[in-house]
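Below is one structure, written out as structure tokens, with a few remarks after it.
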Amino acid sequence: MEALLFWSLAVVAVGAGIAVFRVDSMARATYALALSFVAVGLALLLLDLAYLGVVTVLMMVMEMAIMAVFMIMFMMNPAGLMPMSMVHNRRGALALSVGVFLSLAAVALLTPWPERRGTVPEDPTRAVGTGVMETKMLVMIGVGAVLFTTIVAALVLSASRSRYDVRGGRR
Amino acid sequence: MTVDAAPVWAALPVLAALLAVASAGAVLDAALPGGAVGGGARAARPFAETARLLRQRRRTTAVRDGLLWQAGVAGPVVVAALMIAVVPFGGHVVADVPVGVVWFNAMDVCLWAVVWLAGWGPDSPYPLVGGYRYLAQALGYELPLMFALTAPAVAAGSLDVGAVVEAQDGLWFVVWMPVAFVVLLLGVAGFSLWGPFGAPGGDDVAGGVFAEASGVDRLLLLAGRYALLTAGAAMAVALFLGGGAGPWLPGWLWSLLKTLAVLGCLVVLRGRLPGLRPQVVVRLGWVVALPVVLLQVLAVSIVVVAKG
């Protein structure tokens, strides 16, 4: 069952990834890429990384929705309703991407993967976090909060007088 | 009250309940004074409209993007169904996801995509404006909504909706995190294009994302709005109003009744609040709602740390 799920998600991910370069519209290309990421996110659920999987779906869909707007704004006519090609520098790009894919696949296949030591932890997401950050966890949590507060404060300060404030007053 | 995974077939009654409660919301909306012009039994109008749209022939535009349009049209109902799957009814939940709160959030972000696609698909200016408006508004309410979802999760020490319900044994979270509750309801109204957040489907853009949809497509979009409101109300009940907790009646009935009550409030408030322009939504979201809800999360965190 898990193998079936994995393979169907893998096919969707790769297929949608290919579709990105086969379609002639920015909207279709963007949402094909989003679908590819969603399939990868759902595949993470198979590793029992529930939080990481769902957050991947959340972040990627959000990102692609915003990206579609900017891509259409900058790369097409403003309404974005004209068909366009997603492919530039055909030969070079093809050679590069095939090379990168082959080398990555070779690394995955040729690396002597270690045997599993111990058992699956109770909460794999927590274990990954500890594995990556270990003793710096508290610092990272603190830095995260400070960074976010800075962003919000900067926005609040800059948005208090935006370009829609015709008379400089508050609405 | 403990929350366990329900058998697979439970998805069907929950889906039926979602659609039934959503229909009740539509009926209440039609029955309230101040709606569209009267004539006949006002409360029955949603059913007459459903019958009309089911028979209406689908009208399309010349160079539409059919695939994306269909994805956008079917999206809201599907997203609402995926949201309700992680909401416990009484002691049972269809999908016992350990990160249900994040799942709900991820699903409402998927609405960014589907509503924009519903606007993009027909290749027509007014729906396109509606789709862009939806994204602009979403940027305003999404972060406050995220932190409103964070508050009960912090208090319960878990992202599992069932665990959040269990943590409210004795004291409902709405009592000591009212700000997060209100912001969550505003977020629900936001992602459902409801009331003050109706600009993406507004009259000033000839119906926005709804403008070109006809027949079954239009029915799906309109029903999707009520279904999203219902799913959001059900989530608010689970996170803040103690889920299925209550005397005498069985838990699932309490969940249902509370959901109906919250939905009723949302429906009644729709016509009583002024519509907001998207730029005002963004401004209020970042300048007012976000700092306030962050303070709420801070207060909750301090209480949790102090209690140990």
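In the structure tokens, each chain is lettered A, B, ... as it comes, each chain's residues begin at 1, and ligands are numbered from 1 in order of appearance.
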Inset, instruction - Pick out the residues sitting within 10 Å of region 9-14 of chain B, and hand them over as an NGL selection string; count only C-alpha atoms, and ignore anything fewer than 2 positions along from it in its own chain. - result: :B and (5-7 or 16-20 or 81 or 84-85 or 87-89 or 92-95)
Inset, instruction - Using DSSP on the backbone coordinates, identify the residues of region 97-272 of chain B assigned to alpha helix (DSSP H); present them as a PyMOL selection string. - result: chain B and resi 100-120+125-156+161-167+173-176+178-191+215-240+251-270
Inset, instruction - May I ask you to extract the residues of chain B within 7 Å of chain A, using only C-alpha atoms, and to give them as JSON, numbers by chain? - result: {"B": [99, 102, 103, 106, 109, 110, 112, 113, 123, 286, 287]}
Inset, instruction - Would you list the contacts of region 183-185 of chain B as a PyMOL selection string, taking every protein, DNA or RNA residue within 12 Å and counting only C-alpha atoms, but skipping same-chain residues closer than 3 positions in sequence? - result: chain B and resi 104-105+108+140-152+174+177-180+188-192+194-195+197+228-237+239-240+262-263+265-267+269+284-285+288-294+296-297
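Pairwise distance (CA of Leu253 (chain B), CA of Val21 (chain B)) equals 12.5 Å.
Of the listed residues B:Pro122, B:Gln70, B:Val101, B:Trp252, the one whose atoms come nearest to Val154 (chain B) is B:Val101, with distances taken using only C-alpha atoms.
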Inset, instruction - Rounded to one decimal place, report the CA of Ile18 (chain A)-CA of Met71 (chain A) distance in Å. - result: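 Rounded to one decimal, the two atoms are 18.7 Å apart.
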Inset, instruction - Using only C-alpha atoms, find the one residue out of B:Gln137, B:Ser158, B:Thr2, B:Ser124 that sits nearest to Leu111 (chain B). - result: B:Gln137
Legend entry - Within 8 Å of Leu33 (chain A) using only C-alpha atoms, minus same-chain residues under 5 positions, as an MDAnalysis selection string: chainID A and resid 16:17 20 64
Taking all heavy atoms for each residue, export the selection above as a short mmCIF file (atom, residue, chain, number, x, y, z; two decimals), in the first residue's frame.
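What follows is the written file part24.cif:
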```cif
data_model
loop_
_atom_site.label_atom_id
_atom_site.label_comp_id
_atom_site.auth_asym_id
_atom_site.auth_seq_id
_atom_site.Cartn_x
_atom_site.Cartn_y
_atom_site.Cartn_z
N ALA A 16 4.27 16.23 -13.22
CA ALA A 16 3.93 17.65 -13.13
C ALA A 16 5.17 18.51 -13.36
O ALA A 16 5.09 19.58 -13.95
CB ALA A 16 3.30 17.96 -11.77
N GLY A 17 6.33 18.01 -12.89
CA GLY A 17 7.57 18.74 -13.11
C GLY A 17 7.87 18.87 -14.59
O GLY A 17 8.30 19.93 -15.07
N VAL A 20 5.68 21.43 -16.40
CA VAL A 20 6.04 22.84 -16.25
C VAL A 20 6.66 23.38 -17.53
O VAL A 20 6.41 24.52 -17.93
CB VAL A 20 7.03 23.02 -15.07
CG1 VAL A 20 7.59 24.42 -15.02
CG2 VAL A 20 6.35 22.68 -13.76
N MET A 64 3.66 29.49 -4.60
CA MET A 64 3.32 29.43 -6.03
C MET A 64 2.18 30.39 -6.35
O MET A 64 2.16 31.00 -7.43
CB MET A 64 2.92 28.00 -6.42
CG MET A 64 4.05 27.03 -6.43
SD MET A 64 5.35 27.55 -7.57
CE MET A 64 6.76 27.30 -6.55
#
```
Legend entry - Nearest candidate to Ala245 (chain B) (options B:Leu117, B:Ala44, B:Leu171, B:Ile302; using only C-alpha atoms): B:Leu171
Legend entry - Contact residues around Gly119 (chain B) with only C-alpha atoms at 12 Å, ignoring same-chain residues under 3 positions, as a PyMOL selection string: (chain A and resi 27+79) or (chain B and resi 64-66+68-73+111-116+122-135+200-201+205+207-213+221)
